[in-house]
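Text of the file data_24.cif, holding mmCIF, C-alpha atoms:
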```cif
data_my_file
loop_
_atom_site.label_atom_id
_atom_site.label_comp_id
_atom_site.auth_asym_id
_atom_site.auth_seq_id
_atom_site.Cartn_x
_atom_site.Cartn_y
_atom_site.Cartn_z
CA MET P 1 -15.15 -24.71 -61.25
CA GLU P 2 -11.85 -22.89 -60.79
CA ALA P 3 -11.83 -20.48 -57.85
CA VAL P 4 -10.77 -17.01 -58.93
CA SER P 5 -10.42 -13.65 -57.27
CA VAL P 6 -10.19 -10.16 -58.70
CA LYS P 7 -6.88 -8.33 -58.41
CA ASN P 8 -6.59 -4.65 -59.15
CA ARG P 9 -4.03 -1.89 -59.66
CA LEU P 10 -6.04 0.78 -57.89
CA ARG P 11 -3.45 1.55 -55.20
CA VAL P 12 -0.68 1.98 -57.79
CA LEU P 13 -2.81 4.17 -60.04
CA ARG P 14 -3.88 6.30 -57.10
CA ALA P 15 -0.29 6.67 -55.90
CA GLU P 16 0.83 7.73 -59.39
CA ARG P 17 -1.61 10.61 -59.20
CA GLU P 18 -0.68 11.35 -55.58
CA TRP P 19 -4.30 11.09 -54.48
CA SER P 20 -5.25 10.09 -50.97
CA GLN P 21 -7.87 7.40 -50.45
CA ALA P 22 -10.25 10.11 -49.29
CA GLU P 23 -9.64 12.15 -52.45
CA LEU P 24 -10.24 9.15 -54.69
CA ALA P 25 -13.35 8.27 -52.69
CA GLU P 26 -14.69 11.78 -53.21
CA ARG P 27 -14.04 11.61 -56.96
CA LEU P 28 -15.90 8.30 -57.11
CA SER P 29 -18.69 9.37 -54.74
CA VAL P 30 -18.04 6.44 -52.42
CA SER P 31 -16.70 6.19 -48.88
CA ARG P 32 -13.00 6.01 -48.05
CA GLN P 33 -13.65 2.59 -46.51
CA THR P 34 -14.89 1.38 -49.89
CA VAL P 35 -11.74 2.58 -51.64
CA ASN P 36 -9.61 0.91 -48.97
CA ALA P 37 -11.55 -2.36 -49.18
CA VAL P 38 -11.24 -2.44 -52.99
CA GLU P 39 -7.52 -1.64 -52.88
CA THR P 40 -6.79 -4.37 -50.36
CA GLY P 41 -8.88 -6.89 -52.33
CA ARG P 42 -11.32 -7.44 -49.48
CA TYR P 43 -14.20 -6.15 -51.53
CA GLU P 44 -14.88 -6.67 -55.22
CA PRO P 45 -16.64 -3.59 -56.60
CA SER P 46 -19.83 -3.70 -58.61
CA LEU P 47 -19.58 -3.42 -62.38
CA SER P 48 -20.89 0.12 -62.12
CA LEU P 49 -18.16 1.17 -59.69
CA ALA P 50 -15.47 -0.66 -61.67
CA MET P 51 -16.52 1.24 -64.79
CA ARG P 52 -16.53 4.55 -62.92
CA ILE P 53 -13.02 3.80 -61.67
CA ALA P 54 -11.87 2.94 -65.18
CA ARG P 55 -13.40 6.12 -66.58
CA LEU P 56 -11.75 8.23 -63.87
CA PHE P 57 -8.30 6.86 -64.73
CA GLY P 58 -8.94 6.93 -68.49
CA MET P 59 -8.44 3.19 -68.82
CA THR P 60 -10.49 0.09 -69.52
CA VAL P 61 -11.82 -2.07 -66.69
CA GLU P 62 -9.54 -4.92 -67.80
CA GLU P 63 -6.48 -2.67 -67.49
CA ILE P 64 -7.28 -2.08 -63.82
CA PHE P 65 -8.96 -5.32 -62.76
CA GLU P 66 -7.95 -8.85 -63.66
CA LEU P 67 -9.05 -12.33 -62.67
CA GLU P 68 -6.48 -14.40 -60.86
CA PRO P 69 -6.77 -18.05 -59.75
CA ASP P 70 -7.01 -18.42 -55.98
CA ARG P 71 -3.86 -19.83 -54.48
CA ALA P 72 -5.67 -21.52 -51.63
CA MET W 1 -45.80 10.25 -57.67
CA THR W 2 -42.31 9.23 -58.78
CA GLN W 3 -40.05 7.15 -56.54
CA ASP W 4 -37.75 10.16 -56.02
CA ARG W 5 -40.63 12.33 -54.83
CA LEU W 6 -41.77 9.56 -52.52
CA LEU W 7 -38.26 9.30 -51.07
CA ASP W 8 -38.18 13.07 -50.56
CA ARG W 9 -41.20 12.76 -48.30
CA LEU W 10 -39.58 10.15 -46.07
CA PRO W 11 -37.68 11.25 -42.96
CA ALA W 12 -34.11 12.20 -43.93
CA SER W 13 -32.60 10.19 -41.10
CA PRO W 14 -33.83 7.36 -38.87
CA LEU W 15 -32.19 8.99 -35.85
CA VAL W 16 -34.94 11.32 -34.62
CA PRO W 17 -37.89 8.94 -35.27
CA GLY W 18 -35.72 6.12 -33.92
CA ILE W 19 -35.17 7.96 -30.65
CA LEU W 20 -38.87 8.84 -30.60
CA TRP W 21 -39.72 5.16 -31.09
CA GLY W 22 -37.36 4.17 -28.26
CA LEU W 23 -38.96 6.72 -25.94
CA THR W 24 -42.51 5.69 -26.85
CA TYR W 25 -41.59 2.02 -26.44
CA VAL W 26 -40.11 2.56 -22.98
CA GLY W 27 -43.05 4.83 -22.12
CA ALA W 28 -45.55 2.20 -23.29
CA ARG W 29 -43.65 -0.50 -21.43
CA LEU W 30 -43.85 1.48 -18.18
CA ALA W 31 -47.44 2.63 -18.74
CA LEU W 32 -48.60 -0.95 -19.27
CA GLU W 33 -47.47 -1.75 -15.72
CA LEU W 34 -50.29 0.52 -14.52
CA ASP W 35 -53.84 -0.62 -13.98
CA LEU W 36 -55.57 1.03 -16.95
CA PRO W 37 -58.76 0.25 -18.90
CA PRO W 38 -58.26 -2.34 -21.68
CA ARG W 39 -59.01 0.17 -24.47
CA ILE W 40 -56.36 2.58 -23.18
CA ARG W 41 -53.88 -0.30 -22.80
CA LEU W 42 -54.50 -1.26 -26.41
CA ILE W 43 -53.85 2.29 -27.63
CA ILE W 44 -50.69 2.51 -25.53
CA ALA W 45 -49.46 -0.86 -26.81
CA LEU W 46 -49.92 0.23 -30.43
CA GLY W 47 -48.48 3.72 -29.82
CA PRO W 48 -44.85 2.89 -30.72
CA VAL W 49 -45.92 1.55 -34.14
CA VAL W 50 -46.21 5.03 -35.70
CA PRO W 51 -42.72 6.31 -34.75
CA PHE W 52 -41.31 2.91 -35.68
CA MET W 53 -42.78 3.20 -39.18
CA LEU W 54 -41.28 6.70 -39.46
CA ALA W 55 -37.92 5.33 -38.32
CA LEU W 56 -38.23 2.53 -40.86
CA ALA W 57 -38.90 5.08 -43.59
CA GLY W 58 -35.79 6.95 -42.44
CA VAL W 59 -33.79 3.73 -42.62
CA VAL W 60 -35.03 3.11 -46.18
CA ARG W 61 -33.96 6.59 -47.20
CA ALA W 62 -30.63 6.32 -45.38
CA ILE W 63 -29.88 3.00 -47.10
CA GLY W 64 -30.57 4.66 -50.44
CA ALA W 65 -27.84 7.19 -49.65
CA LEU W 66 -25.24 4.57 -48.64
CA ASP W 67 -22.49 3.50 -50.97
CA GLU W 68 -22.30 -0.10 -52.14
CA LEU W 69 -19.89 -1.38 -49.47
CA HIS W 70 -22.01 0.01 -46.65
CA ARG W 71 -25.11 -1.55 -48.21
CA ARG W 72 -23.33 -4.87 -48.42
CA VAL W 73 -22.28 -4.70 -44.77
CA HIS W 74 -25.90 -4.05 -43.73
CA LEU W 75 -27.12 -6.87 -45.99
CA GLU W 76 -24.61 -9.28 -44.47
CA ALA W 77 -25.63 -8.10 -40.98
CA LEU W 78 -29.23 -8.99 -41.84
CA ALA W 79 -28.10 -12.33 -43.27
CA ILE W 80 -26.58 -13.11 -39.87
CA ALA W 81 -29.27 -11.57 -37.67
CA PHE W 82 -32.20 -13.26 -39.39
CA PRO W 83 -31.09 -16.90 -38.96
CA LEU W 84 -29.90 -16.16 -35.43
CA THR W 85 -33.37 -14.82 -34.68
CA LEU W 86 -34.91 -17.98 -36.16
CA LEU W 87 -32.56 -20.06 -34.03
CA LEU W 88 -33.48 -18.12 -30.89
CA ILE W 89 -37.23 -18.39 -31.49
CA MET W 90 -36.99 -22.06 -32.44
CA THR W 91 -34.91 -22.88 -29.36
CA LEU W 92 -37.19 -20.92 -27.03
CA GLY W 93 -40.22 -22.67 -28.55
CA LEU W 94 -38.72 -26.08 -27.95
CA LEU W 95 -37.54 -25.15 -24.45
CA ASP W 96 -41.05 -23.92 -23.70
CA LEU W 97 -42.40 -27.32 -24.72
CA ALA W 98 -39.67 -29.12 -22.79
CA VAL W 99 -39.67 -27.30 -19.49
CA GLY W 100 -42.31 -24.56 -19.78
CA LEU W 101 -40.68 -21.12 -19.85
CA SER W 102 -42.10 -18.45 -17.61
CA PRO W 103 -43.62 -15.53 -19.59
CA ASP W 104 -42.14 -13.23 -16.96
CA ASP W 105 -38.66 -14.33 -18.06
CA TRP W 106 -39.19 -15.10 -21.75
CA SER W 107 -41.78 -13.28 -23.85
CA TYR W 108 -41.81 -11.20 -27.05
CA ARG W 109 -40.49 -8.16 -25.24
CA HIS W 110 -37.52 -10.15 -23.91
CA ILE W 111 -36.57 -11.26 -27.43
CA LEU W 112 -36.41 -7.69 -28.79
CA PRO W 113 -32.97 -6.79 -27.34
CA PHE W 114 -31.54 -10.00 -28.81
CA LEU W 115 -32.55 -8.88 -32.30
CA VAL W 116 -30.65 -5.62 -31.83
CA ILE W 117 -27.65 -7.54 -30.49
CA PHE W 118 -27.70 -9.96 -33.43
CA TYR W 119 -27.82 -7.10 -35.94
CA ALA W 120 -25.06 -5.21 -34.14
CA PHE W 121 -22.97 -8.39 -34.16
CA GLY W 122 -23.55 -8.73 -37.91
CA LEU W 123 -22.51 -5.12 -38.47
CA TRP W 124 -19.39 -5.56 -36.36
CA ARG W 125 -18.45 -8.73 -38.25
CA GLY W 126 -19.04 -7.05 -41.61
CA TRP W 127 -16.89 -4.04 -40.82
CA LYS W 128 -14.16 -6.26 -39.44
CA ARG W 129 -14.22 -8.26 -42.65
CA TYR W 130 -13.91 -5.31 -45.00
CA GLN W 131 -11.52 -3.13 -43.04
#
```
Here is a file; write its structure as structure tokens.
Amino acid sequence: MEAVSVKNRLRVLRAEREWSQAELAERLSVSRQTVNAVETGRYEPSLSLAMRIARLFGMTVEEIFELEPDRA
Amino acid sequence: MTQDRLLDRLPASPLVPGILWGLTYVGARLALELDLPPRIRLIIALGPVVPFMLALAGVVRAIGALDELHRRVHLEALAIAFPLTLLLIMTLGLLDLAVGLSPDDWSYRHILPFLVIFYAFGLWRGWKRYQ
């Protein structure tokens, strides 16, 4: 099975709106650490959180998150 | 009673009952050094169970309020602490058979701090991983 990871555009989208991580975290009702971990790719969010993120930015989940083959 | 109503009845935080448990545990530990009647010793030994259960209820409620990353970190901490605890108990059991460990040095009460250390290690590792 091909190893894949999830990449996301969360940092870019947040920067476009000039939101801090704390502000985005508050809008999503999660901790700032969670936002940071998702942005840096260290944590893959649940489907529920991914959908909440997509709804907040007015986009689909696929427009924010995409599967990418692991380079390792 | 709905689950929400049940949760509302649980302690809001494990902190106060946790401290109470710690105090009753230390108190029981010291009191059991005294020469007391067996029935009183039994009551003292079981005393910390009640505040521990309250603390546990507080933990359950606190976990319900955590976001998903925090829950994951705690789950991973448990996933580390549990096998380490098994390893410790298994090793102590075998060492006891091999060389006969003294109950003054190794007993249930001596294992307790290791469980806290294992869980703290798991938490530290989890936060390091996701930060």
TODO: Kindly provide, as a PyMOL selection string, the residues of chain P having any atom no farther than 9 Å from an atom of chain W, counting all atoms listed in the file.
DONE: chain P and resi 29-31+33-34+36-38+40+42-43+45-46+49
Task: For atom CA of P:Met59 and atom CA of W:Val73, the interatomic separation in Å (one decimal) - done: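 Distance between the two atoms: 28.8 Å.
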Please return the centre and edge lengths, in Å to one decimal, of a box with edges along x, y and z that contains all listed atoms of stretch 63-69 of chain W, widened by 6 Å on every side, as AutoDock Vina command-line options.
```
--center_x -25.2 --center_y 2.9 --center_z -49.6 --size_x 22.7 --size_y 20.6 --size_z 17.0
```
TODO: Check which residues satisfy the PyMOL selection byres ((chain W and resi 19) around 12) in the file shown, then give them as a ChimeraX atom specification.
DONE: /W:13-18,20-26,48,51-52,54-56,58
Open item on the list: Give me the residues near P:Pro69 as a list in words, where near means some atom within 7 Å (using only C-alpha atoms) and where sequence neighbours in that chain fewer than 6 positions away do not count.
Closed with: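 In the requested format, the answer is Ala3, Val4 and Ser5 of chain P.
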Open item on the list: Quick one: residues within 10 Å of P:Arg11, all atoms listed in the file, excluding same-chain residues fewer than 2 positions away - as a PyMOL selection string?
Closed with: chain P and resi 8-9+13-16+19-21+35-36+38-40
TODO: Grab the atom CA of P:Lys7 to atom CA of P:Arg55 distance for me, in Å with one decimal place.
DONE: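 Separation between atom CA of P:Lys7 and atom CA of P:Arg55: 17.8 Å.
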Task: Output check: residues returned by the PyMOL selection byres ((chain W and resi 81) around 8), as number ranges by chain - done: W: 77-80, 82-85, 115, 118-119, 121-122
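In this model, the gap between atom CA of P:Ile53 and atom CA of W:His74 comes to 23.4 Å.
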Open item on the list: Ranking W:Val99, W:Leu88, W:Val49, W:Ile40 by minimum distance to W:Pro113 and counting all atoms listed in the file, which one comes first?
Closed with: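 Among the listed residues, W:Leu88 lies closest to W:Pro113.
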